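Everything below belongs to work-v7.cif, which stores mmCIF, C-alpha atoms.
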data_my_file
#
loop_
_atom_site.group_PDB
_atom_site.id
_atom_site.type_symbol
_atom_site.label_atom_id
_atom_site.label_comp_id
_atom_site.auth_asym_id
_atom_site.auth_seq_id
_atom_site.Cartn_x
_atom_site.Cartn_y
_atom_site.Cartn_z
ATOM 1 C CA MET A 14 -8.337 3.088 24.760
ATOM 2 C CA ASP A 15 -7.630 6.687 25.856
ATOM 3 C CA ARG A 16 -5.748 5.625 28.986
ATOM 4 C CA MET A 17 -3.538 3.286 26.992
ATOM 5 C CA VAL A 18 -2.848 6.012 24.438
ATOM 6 C CA ASP A 19 -1.625 8.249 27.268
ATOM 7 C CA ILE A 20 0.591 5.449 28.609
ATOM 8 C CA PHE A 21 2.197 4.756 25.226
ATOM 9 C CA VAL A 22 2.697 8.439 24.481
ATOM 10 C CA ALA A 23 4.537 8.674 27.806
ATOM 11 C CA LEU A 24 6.602 5.639 26.768
ATOM 12 C CA GLY A 25 7.465 7.422 23.526
ATOM 13 C CA ARG A 26 8.802 10.428 25.435
ATOM 14 C CA ARG A 27 11.061 8.121 27.440
ATOM 15 C CA LEU A 28 12.281 6.188 24.418
ATOM 16 C CA ARG A 29 13.249 9.456 22.714
ATOM 17 C CA GLU A 30 15.966 9.724 25.369
ATOM 18 C CA PHE A 31 17.205 6.151 24.918
ATOM 19 C CA GLY A 32 20.981 5.969 24.523
ATOM 20 C CA ARG A 33 21.573 9.300 26.261
ATOM 21 C CA SER A 34 22.119 8.027 29.787
ATOM 22 C CA GLN A 35 24.437 5.630 31.543
ATOM 23 C CA HIS A 36 21.551 3.235 32.248
ATOM 24 C CA THR A 37 20.337 3.038 28.647
ATOM 25 C CA ASP A 38 23.928 2.737 27.418
ATOM 26 C CA GLU A 39 24.178 -0.341 29.623
ATOM 27 C CA VAL A 40 20.906 -1.666 28.151
ATOM 28 C CA LEU A 41 22.383 -1.157 24.675
ATOM 29 C CA ARG A 42 25.527 -3.032 25.641
ATOM 30 C CA MET A 43 23.557 -5.937 27.098
ATOM 31 C CA ALA A 44 21.260 -6.091 24.033
ATOM 32 C CA MET A 45 24.246 -6.282 21.687
ATOM 33 C CA GLN A 46 25.857 -8.904 23.891
ATOM 34 C CA ALA A 47 22.670 -11.015 23.781
ATOM 35 C CA ASN A 48 22.465 -10.728 19.990
ATOM 36 C CA GLU A 49 25.745 -10.236 18.139
ATOM 37 C CA TRP A 50 23.825 -9.232 14.997
ATOM 38 C CA PHE A 51 22.519 -6.095 16.727
ATOM 39 C CA SER A 52 24.500 -2.879 16.441
ATOM 40 C CA ARG A 53 24.004 0.352 18.361
ATOM 41 C CA GLU A 54 22.857 2.039 15.155
ATOM 42 C CA ASP A 55 20.298 -0.703 14.453
ATOM 43 C CA ILE A 56 18.814 -0.498 17.930
ATOM 44 C CA LEU A 57 18.558 3.286 17.877
ATOM 45 C CA MET A 58 16.974 3.186 14.417
ATOM 46 C CA ALA A 59 14.376 0.645 15.554
ATOM 47 C CA ILE A 60 13.490 2.828 18.533
ATOM 48 C CA ASP A 61 13.354 5.924 16.332
ATOM 49 C CA ALA A 62 10.952 4.159 13.942
ATOM 50 C CA ILE A 63 8.708 3.091 16.831
ATOM 51 C CA CYS A 64 8.638 6.599 18.285
ATOM 52 C CA ASP A 65 7.951 8.258 14.931
ATOM 53 C CA GLU A 66 5.329 5.895 13.593
ATOM 54 C CA MET A 67 3.743 4.122 16.578
ATOM 55 C CA LEU A 68 4.026 6.398 19.608
ATOM 56 C CA ASP A 69 3.171 9.768 18.083
ATOM 57 C CA GLU A 70 0.038 10.920 19.934
ATOM 58 C CA GLN A 71 -1.882 12.162 16.894
ATOM 59 C CA LYS A 72 -1.164 9.021 14.872
ATOM 60 C CA LEU A 73 -1.924 6.740 17.820
ATOM 61 C CA ARG A 74 -5.289 8.356 18.598
ATOM 62 C CA ALA A 75 -6.379 8.389 14.941
ATOM 63 C CA TRP A 76 -5.473 4.715 14.559
ATOM 64 C CA ALA A 77 -7.102 3.600 17.818
ATOM 65 C CA SER A 78 -10.334 5.426 16.984
ATOM 66 C CA HIS A 79 -11.003 3.010 14.109
ATOM 67 C CA TYR A 80 -11.480 0.031 16.411
ATOM 68 C CA PRO A 81 -14.139 -0.802 19.012
ATOM 69 C CA MET A 82 -13.143 -2.014 22.435
ATOM 70 C CA PRO A 83 -13.777 -5.775 22.765
ATOM 71 C CA LEU A 84 -16.691 -6.814 24.986
ATOM 72 C CA SER A 85 -14.424 -8.692 27.373
ATOM 73 C CA SER A 86 -10.752 -8.795 28.282
ATOM 74 C CA ARG A 87 -8.768 -11.822 27.174
ATOM 75 C CA ARG A 88 -5.386 -13.310 27.915
ATOM 76 C CA VAL A 89 -3.332 -13.112 24.733
ATOM 77 C CA ALA A 90 -0.024 -14.927 24.375
ATOM 78 C CA VAL A 91 2.490 -12.899 22.364
ATOM 79 C CA ILE A 92 5.372 -15.109 21.223
ATOM 80 C CA MET A 93 7.964 -12.834 19.677
ATOM 81 C CA ALA A 94 10.704 -13.186 17.090
ATOM 82 C CA GLY A 95 14.187 -11.806 17.738
ATOM 83 C CA ASN A 96 15.678 -11.192 14.310
ATOM 84 C CA ILE A 97 15.614 -7.386 14.566
ATOM 85 C CA PRO A 98 15.462 -5.077 17.594
ATOM 86 C CA LEU A 99 12.019 -4.788 19.224
ATOM 87 C CA VAL A 100 10.290 -6.634 16.380
ATOM 88 C CA GLY A 101 7.632 -7.855 18.832
ATOM 89 C CA PHE A 102 6.741 -4.389 20.124
ATOM 90 C CA PHE A 103 3.809 -3.744 17.797
ATOM 91 C CA ASP A 104 1.964 -6.906 18.840
ATOM 92 C CA LEU A 105 2.414 -5.916 22.495
ATOM 93 C CA LEU A 106 1.051 -2.455 21.692
ATOM 94 C CA CYS A 107 -2.008 -3.891 19.930
ATOM 95 C CA VAL A 108 -2.870 -6.317 22.740
ATOM 96 C CA LEU A 109 -2.668 -3.660 25.436
ATOM 97 C CA MET A 110 -4.552 -1.069 23.388
ATOM 98 C CA CYS A 111 -7.459 -3.516 23.179
ATOM 99 C CA GLY A 112 -7.602 -3.878 26.951
ATOM 100 C CA HIS A 113 -6.338 -7.460 26.959
ATOM 101 C CA THR A 114 -3.656 -9.001 29.146
ATOM 102 C CA ALA A 115 -0.410 -9.559 27.254
ATOM 103 C CA VAL A 116 1.249 -12.849 28.211
ATOM 104 C CA ILE A 117 4.613 -12.301 26.590
ATOM 105 C CA LYS A 118 7.429 -14.597 25.537
ATOM 106 C CA PRO A 119 10.287 -12.484 24.134
ATOM 107 C CA ALA A 120 12.854 -14.194 21.936
ATOM 108 C CA GLY A 121 16.097 -14.817 23.789
ATOM 109 C CA LYS A 122 17.942 -12.748 21.193
ATOM 110 C CA ASP A 123 15.794 -9.670 21.869
ATOM 111 C CA SER A 124 14.739 -10.129 25.478
ATOM 112 C CA VAL A 125 16.891 -7.275 26.841
ATOM 113 C CA LEU A 126 15.139 -4.579 24.810
ATOM 114 C CA ILE A 127 11.646 -5.983 25.276
ATOM 115 C CA ARG A 128 12.231 -6.302 29.028
ATOM 116 C CA TYR A 129 13.414 -2.690 29.132
ATOM 117 C CA VAL A 130 10.225 -1.505 27.394
ATOM 118 C CA VAL A 131 8.062 -3.557 29.777
ATOM 119 C CA GLU A 132 9.982 -2.092 32.723
ATOM 120 C CA GLN A 133 9.212 1.413 31.453
ATOM 121 C CA LEU A 134 5.535 0.612 30.921
ATOM 122 C CA ARG A 135 5.235 -0.773 34.465
ATOM 123 C CA ASP A 136 6.931 2.329 35.831
ATOM 124 C CA ILE A 137 4.435 4.546 33.978
ATOM 125 C CA SER A 138 1.472 2.415 35.097
ATOM 126 C CA HIS A 139 2.115 -0.177 37.807
ATOM 127 C CA ASP A 140 -1.062 -2.124 36.998
ATOM 128 C CA ILE A 141 -0.489 -2.491 33.257
ATOM 129 C CA PRO A 142 -1.626 -6.028 32.312
ATOM 130 C CA ILE A 143 1.616 -7.686 31.187
ATOM 131 C CA GLU A 144 2.616 -11.139 32.369
ATOM 132 C CA ASP A 145 5.449 -13.490 31.520
ATOM 133 C CA TYR A 146 4.572 -16.546 29.460
ATOM 134 C CA ALA A 147 5.132 -19.930 31.076
ATOM 135 C CA GLU A 148 4.841 -23.362 29.481
ATOM 136 C CA HIS A 149 1.301 -23.937 30.747
ATOM 137 C CA SER A 150 0.076 -20.357 30.969
ATOM 138 C CA PRO A 151 -3.697 -20.265 30.363
ATOM 139 C CA VAL A 152 -4.383 -18.095 27.312
ATOM 140 C CA ASP A 153 -7.453 -17.364 25.189
ATOM 141 C CA MET A 154 -5.667 -16.223 22.008
ATOM 142 C CA VAL A 155 -2.163 -16.262 20.607
ATOM 143 C CA ILE A 156 -0.015 -14.157 18.285
ATOM 144 C CA ALA A 157 3.194 -15.973 17.358
ATOM 145 C CA THR A 158 5.988 -15.015 14.986
ATOM 146 C CA GLY A 159 8.947 -17.108 13.859
ATOM 147 C CA GLY A 160 10.427 -19.031 10.969
ATOM 148 C CA ASP A 161 8.384 -21.430 8.857
ATOM 149 C CA ALA A 162 9.216 -24.435 11.052
ATOM 150 C CA ALA A 163 8.191 -22.530 14.172
ATOM 151 C CA ALA A 164 4.982 -21.398 12.460
ATOM 152 C CA ARG A 165 4.028 -25.011 11.735
ATOM 153 C CA HIS A 166 4.635 -25.881 15.389
ATOM 154 C CA PHE A 167 2.531 -22.941 16.599
ATOM 155 C CA ARG A 168 -0.364 -23.830 14.283
ATOM 156 C CA SER A 169 -0.412 -27.345 15.675
ATOM 157 C CA ARG A 170 0.005 -26.369 19.308
ATOM 158 C CA TYR A 171 -2.610 -23.591 19.287
ATOM 159 C CA ALA A 172 -5.088 -25.174 16.894
ATOM 160 C CA ASP A 173 -7.888 -25.009 19.480
ATOM 161 C CA ILE A 174 -7.822 -21.259 20.165
ATOM 162 C CA PRO A 175 -7.935 -18.163 17.937
ATOM 163 C CA SER A 176 -4.415 -17.685 16.646
ATOM 164 C CA LEU A 177 -2.468 -15.368 14.376
ATOM 165 C CA ILE A 178 0.665 -17.198 13.229
ATOM 166 C CA ARG A 179 3.391 -15.678 11.067
ATOM 167 C CA GLY A 180 6.240 -17.417 9.248
ATOM 168 C CA SER A 181 8.960 -16.183 6.912
ATOM 169 C CA ARG A 182 8.318 -13.565 4.236
ATOM 170 C CA HIS A 183 10.361 -11.486 1.787
ATOM 171 C CA SER A 184 10.222 -7.942 0.480
ATOM 172 C CA VAL A 185 10.892 -6.680 -3.035
ATOM 173 C CA ALA A 186 11.473 -3.403 -4.853
ATOM 174 C CA VAL A 187 10.174 -2.395 -8.278
ATOM 175 C CA LEU A 188 12.082 0.278 -10.210
ATOM 176 C CA ASP A 189 10.994 2.020 -13.408
ATOM 177 C CA GLY A 190 14.359 3.618 -14.255
ATOM 178 C CA SER A 191 13.455 7.162 -13.200
ATOM 179 C CA GLU A 192 14.798 6.809 -9.672
ATOM 180 C CA GLY A 193 17.369 9.409 -8.688
ATOM 181 C CA GLU A 194 20.355 9.322 -6.382
ATOM 182 C CA GLU A 195 18.237 10.056 -3.301
ATOM 183 C CA GLN A 196 15.866 7.172 -3.979
ATOM 184 C CA MET A 197 18.700 4.732 -4.660
ATOM 185 C CA GLU A 198 20.344 5.728 -1.379
ATOM 186 C CA ALA A 199 17.005 5.117 0.338
ATOM 187 C CA LEU A 200 16.807 1.713 -1.362
ATOM 188 C CA ARG A 201 20.234 0.900 0.060
ATOM 189 C CA ARG A 202 18.733 1.339 3.544
ATOM 190 C CA ASP A 203 15.731 -0.793 2.605
ATOM 191 C CA ILE A 204 18.088 -3.599 1.588
ATOM 192 C CA TYR A 205 20.841 -3.558 4.195
ATOM 193 C CA THR A 206 19.412 -2.176 7.447
ATOM 194 C CA TYR A 207 19.460 -4.792 10.241
ATOM 195 C CA ASN A 208 21.944 -6.793 8.106
ATOM 196 C CA GLY A 209 19.072 -7.908 5.856
ATOM 197 C CA LEU A 210 17.589 -10.064 8.619
ATOM 198 C CA GLY A 211 14.087 -8.570 8.640
ATOM 199 C CA CYS A 212 11.120 -9.666 6.569
ATOM 200 C CA ARG A 213 10.852 -6.039 5.386
ATOM 201 C CA ASN A 214 14.399 -6.048 3.967
ATOM 202 C CA VAL A 215 14.384 -5.923 0.168
ATOM 203 C CA SER A 216 16.080 -8.981 -1.334
ATOM 204 C CA LEU A 217 14.668 -9.014 -4.896
ATOM 205 C CA ILE A 218 14.691 -5.978 -7.202
ATOM 206 C CA PHE A 219 12.731 -5.638 -10.448
ATOM 207 C CA VAL A 220 14.357 -3.340 -13.019
ATOM 208 C CA PRO A 221 13.435 -2.439 -16.641
ATOM 209 C CA ARG A 222 14.983 -4.582 -19.359
ATOM 210 C CA ASP A 223 17.319 -1.764 -20.518
ATOM 211 C CA TRP A 224 18.199 -0.520 -17.021
ATOM 212 C CA GLN A 225 21.791 0.702 -16.796
ATOM 213 C CA GLY A 226 21.848 1.462 -13.086
ATOM 214 C CA GLU A 227 23.749 -0.237 -10.293
ATOM 215 C CA ILE A 228 22.483 -2.371 -7.420
ATOM 216 C CA PRO A 229 23.309 -0.442 -4.220
ATOM 217 C CA HIS A 230 26.391 -1.642 -2.363
ATOM 218 C CA PRO A 231 26.405 -2.023 1.437
ATOM 219 C CA ASP A 232 28.073 0.827 3.315
ATOM 220 C CA THR A 233 29.383 -1.406 6.066
ATOM 221 C CA VAL A 234 29.307 -5.144 6.692
ATOM 222 C CA LEU A 235 29.029 -6.588 10.184
ATOM 223 C CA GLU A 236 31.709 -9.176 10.871
ATOM 224 C CA MET A 237 29.044 -11.846 11.424
ATOM 225 C CA LYS A 238 27.576 -11.195 7.990
ATOM 226 C CA ARG A 239 30.985 -10.995 6.316
ATOM 227 C CA GLY A 240 31.558 -14.658 7.134
ATOM 228 C CA ASN A 241 28.285 -15.534 5.411
ATOM 229 C CA TYR A 242 29.243 -13.400 2.388
ATOM 230 C CA VAL A 243 32.708 -14.976 2.035
ATOM 231 C CA SER A 244 31.426 -18.560 2.249
ATOM 232 C CA ASP A 245 28.518 -17.824 -0.114
ATOM 233 C CA LYS A 246 30.875 -16.232 -2.631
ATOM 234 C CA ALA A 247 33.126 -19.309 -2.528
ATOM 235 C CA LEU A 248 30.130 -21.623 -3.005
ATOM 236 C CA LEU A 249 28.746 -19.707 -5.997
ATOM 237 C CA THR A 250 32.195 -19.584 -7.592
ATOM 238 C CA MET A 251 32.582 -23.331 -7.186
ATOM 239 C CA LEU A 252 29.116 -23.928 -8.702
ATOM 240 C CA GLY A 253 29.828 -21.590 -11.625
ATOM 241 C CA VAL A 254 26.924 -19.251 -10.792
ATOM 242 C CA LYS A 255 27.365 -15.756 -12.257
ATOM 243 C CA PHE A 256 27.210 -12.923 -9.747
ATOM 244 C CA GLU A 257 28.306 -9.336 -9.232
ATOM 245 C CA ASP A 258 30.390 -8.789 -6.129
ATOM 246 C CA LEU A 259 28.986 -5.790 -4.242
ATOM 247 C CA GLY A 260 31.656 -5.945 -1.555
ATOM 248 C CA GLY A 261 29.700 -7.551 1.236
ATOM 249 C CA ALA A 262 26.763 -8.821 -0.828
ATOM 250 C CA LEU A 263 26.326 -10.703 -4.100
ATOM 251 C CA ALA A 264 23.962 -9.593 -6.863
ATOM 252 C CA ILE A 265 22.514 -12.422 -8.970
ATOM 253 C CA GLU A 266 20.171 -12.105 -11.933
ATOM 254 C CA SER A 267 17.258 -14.326 -10.916
ATOM 255 C CA LEU A 268 13.493 -14.124 -10.461
ATOM 256 C CA SER A 269 13.578 -16.271 -7.330
ATOM 257 C CA LEU A 270 13.484 -15.020 -3.743
ATOM 258 C CA PRO A 271 16.976 -15.476 -2.244
ATOM 259 C CA ASP A 272 17.536 -18.165 0.371
ATOM 260 C CA SER A 273 20.863 -16.699 1.513
ATOM 261 C CA LEU A 274 21.436 -13.575 3.601
ATOM 262 C CA SER A 275 24.268 -12.348 1.365
ATOM 263 C CA ARG A 276 22.383 -12.531 -1.942
ATOM 264 C CA ILE A 277 20.431 -9.763 -3.653
ATOM 265 C CA HIS A 278 18.497 -10.965 -6.673
ATOM 266 C CA TYR A 279 17.409 -8.735 -9.545
ATOM 267 C CA TYR A 280 15.190 -9.376 -12.557
ATOM 268 C CA ARG A 281 14.865 -7.427 -15.814
ATOM 269 C CA TYR A 282 11.195 -7.082 -16.758
ATOM 270 C CA ASP A 283 9.570 -6.130 -20.053
ATOM 271 C CA SER A 284 6.384 -4.571 -18.671
ATOM 272 C CA LEU A 285 5.038 -3.508 -15.295
ATOM 273 C CA SER A 286 1.972 -5.673 -15.876
ATOM 274 C CA GLU A 287 4.332 -8.674 -15.883
ATOM 275 C CA VAL A 288 5.666 -7.593 -12.482
ATOM 276 C CA GLU A 289 2.200 -6.936 -11.059
ATOM 277 C CA ALA A 290 1.089 -10.422 -12.112
ATOM 278 C CA TRP A 291 4.126 -11.935 -10.379
ATOM 279 C CA LEU A 292 3.410 -9.962 -7.204
ATOM 280 C CA ALA A 293 -0.224 -11.078 -7.171
ATOM 281 C CA GLU A 294 0.690 -14.740 -7.637
ATOM 282 C CA ARG A 295 3.180 -14.677 -4.764
ATOM 283 C CA ASP A 296 1.429 -12.332 -2.387
ATOM 284 C CA ASP A 297 1.476 -14.862 0.461
ATOM 285 C CA ALA A 298 5.298 -14.845 0.346
ATOM 286 C CA LEU A 299 5.667 -11.053 0.386
ATOM 287 C CA GLN A 300 5.804 -8.594 3.262
ATOM 288 C CA CYS A 301 6.112 -5.249 1.501
ATOM 289 C CA VAL A 302 6.839 -3.774 -1.927
ATOM 290 C CA VAL A 303 9.106 -0.732 -2.244
ATOM 291 C CA SER A 304 8.142 1.214 -5.359
ATOM 292 C CA GLN A 305 6.785 4.381 -6.922
ATOM 293 C CA CYS A 306 5.462 2.733 -10.074
ATOM 294 C CA VAL A 307 3.232 -0.210 -9.096
ATOM 295 C CA GLU A 308 0.161 -0.587 -6.935
ATOM 296 C CA HIS A 309 0.197 -3.077 -4.091
ATOM 297 C CA PRO A 310 -1.704 -3.182 -0.784
ATOM 298 C CA ARG A 311 1.600 -3.189 1.123
ATOM 299 C CA ARG A 312 3.516 -0.758 -1.070
ATOM 300 C CA VAL A 313 5.849 1.678 0.695
ATOM 301 C CA ASP A 314 8.023 4.520 -0.552
ATOM 302 C CA PHE A 315 11.781 4.219 -0.944
ATOM 303 C CA GLY A 316 13.509 4.372 2.419
ATOM 304 C CA ARG A 317 10.362 3.514 4.392
ATOM 305 C CA ALA A 318 10.552 -0.284 4.457
ATOM 306 C CA GLN A 319 11.990 -0.217 7.980
ATOM 307 C CA TYR A 320 9.535 2.411 9.213
ATOM 308 C CA PRO A 321 6.244 0.494 9.305
ATOM 309 C CA THR A 322 3.268 2.624 10.318
ATOM 310 C CA LEU A 323 0.468 1.587 12.647
ATOM 311 C CA TRP A 324 -1.478 0.550 9.548
ATOM 312 C CA ASP A 325 1.310 -1.609 8.066
ATOM 313 C CA TYR A 326 0.149 -4.931 9.468
ATOM 314 C CA ALA A 327 2.545 -7.841 9.000
ATOM 315 C CA ASP A 328 1.362 -10.298 6.335
ATOM 316 C CA GLY A 329 -1.494 -7.877 5.577
ATOM 317 C CA ILE A 330 -3.512 -9.236 8.547
ATOM 318 C CA ASP A 331 -5.162 -6.579 10.711
ATOM 319 C CA VAL A 332 -4.035 -7.465 14.245
ATOM 320 C CA MET A 333 -6.568 -5.104 15.822
ATOM 321 C CA ASN A 334 -9.459 -6.725 13.956
ATOM 322 C CA PHE A 335 -8.200 -10.101 15.172
ATOM 323 C CA LEU A 336 -8.047 -8.870 18.778
ATOM 324 C CA THR A 337 -11.404 -7.059 18.790
ATOM 325 C CA ALA A 338 -13.473 -9.657 16.911
#

Please re-express this file's structure in structure tokens.
Amino acid sequence: MDRMVDIFVALGRRLREFGRSQHTDEVLRMAMQANEWFSREDILMAIDAICDEMLDEQKLRAWASHYPMPLSSRRVAVIMAGNIPLVGFFDLLCVLMCGHTAVIKPAGKDSVLIRYVVEQLRDISHDIPIEDYAEHSPVDMVIATGGDAAARHFRSRYADIPSLIRGSRHSVAVLDGSEGEEQMEALRRDIYTYNGLGCRNVSLIFVPRDWQGEIPHPDTVLEMKRGNYVSDKALLTMLGVKFEDLGGALAIESLSLPDSLSRIHYYRYDSLSEVEAWLAERDDALQCVVSQCVEHPRRVDFGRAQYPTLWDYADGIDVMNFLTA
């Protein structure tokens, strides 16, 4: 894995300069044109998170050292989502670190950024084993990410080979009332970064029964999301559902996981044991838990929901174990 570590560290040095040249400015423009939900700030944040948490040499070597190289190289299809910038990067990293060939199918909505990364990797190492996925590409394994309907399709289509299939998940936050201004500002980022489109975006907040705080408001609202917010507000008003207008999002007191992009649910709990029981019962629907007061295998600190580390495997499934088994 040492050679691949060197290649990805070199990629990290290049990505640190992204957005500072005419060429990468053009890549940014094309990426935003391909996906109108992407903003310049979102793309640069996604790249910053990847550089900080996945392409740091010390972190990368320590992580890679925990896994054996597989006995043989395999062809692994990587079918990527496109809801947030470069969301498929980590799977690509894992496949290549294991010495496999990555047969990639970027989502149309994120193909510009993924193609740019692949271009950089090929420039660093011309023989890096990355191929484009075609309808009948022969593959030995598959990693596929999408919505629940897509996940059902993938499970059926790839039932005969080892597969790691991901569908939709949600993230929650658990407060104990001691959170200060800095933590609440960090929670704002956990909720609203990437317009709430990621599975790591907090959409349900647990607060103590006597909590007197305020659900964070969005700083800015993308025009695309504003349309969703306005129509959702009109619908809830017509149905007589009580909500607090956060100016771009709607806060509703409910224990359910929201099914609308513009809704933030909150629930007043009586004891943390009640919350922990709820989390355990619904673990297969959760991606991460932002908190300082409960234990959970995918707990992260405030402000870190959008900065997954190399060890923060989606759905709690160790991709490297899957690839090296």

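Remark: for Met82 of chain A, the closest of the candidate residues A:Glu308, A:Glu195, A:Glu227, A:Asp15 is A:Asp15 (distances computed over all atoms listed in the file).
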
Original post:
Evaluating the PyMOL selection byres ((chain A and resi 244) around 12) on the displayed file yields which residues, as a VMD selection string?
Top reply: chain A and resid 237 to 243 245 to 251 261 to 263 273 to 276

Take the PyMOL selection byres ((chain A and resi 174-178) around 7), apply it to the structure above, and return the hits as an mmCIF file with C-alpha atoms, in the frame of the given file.
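Final output, selection-v8.cif:
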data_model
loop_
_atom_site.group_PDB
_atom_site.id
_atom_site.type_symbol
_atom_site.label_atom_id
_atom_site.label_comp_id
_atom_site.auth_asym_id
_atom_site.auth_seq_id
_atom_site.Cartn_x
_atom_site.Cartn_y
_atom_site.Cartn_z
ATOM 1 C CA ASP A 153 -7.453 -17.364 25.189
ATOM 2 C CA MET A 154 -5.667 -16.223 22.008
ATOM 3 C CA VAL A 155 -2.163 -16.262 20.607
ATOM 4 C CA ILE A 156 -0.015 -14.157 18.285
ATOM 5 C CA ALA A 157 3.194 -15.973 17.358
ATOM 6 C CA THR A 158 5.988 -15.015 14.986
ATOM 7 C CA ALA A 164 4.982 -21.398 12.460
ATOM 8 C CA PHE A 167 2.531 -22.941 16.599
ATOM 9 C CA ARG A 168 -0.364 -23.830 14.283
ATOM 10 C CA TYR A 171 -2.610 -23.591 19.287
ATOM 11 C CA ALA A 172 -5.088 -25.174 16.894
ATOM 12 C CA ASP A 173 -7.888 -25.009 19.480
ATOM 13 C CA ARG A 179 3.391 -15.678 11.067
ATOM 14 C CA GLY A 180 6.240 -17.417 9.248
#

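Relative to atom CA of Ala163 of chain A, atom CA of Leu270 of chain A is found at 20.1 Å.
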
Original post:
Which of these, A:Val89, A:Met45, A:Val130, A:Ala290, has the shortest distance to Ser150 of chain A once you count all atoms listed in the file?
Top reply: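 Ranking A:Val89, A:Met45, A:Val130, A:Ala290 by distance to Ser150 of chain A, first place goes to A:Val89.
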
**OP:** Show which residues sit within 10 Å of Gly112 of chain A, as an MDAnalysis selection string. Count all atoms listed in the file, and ignore same-chain residues fewer than 6 positions away.
**Re:** chainID A and resid 14 16:17 82:88 141:142 336:337
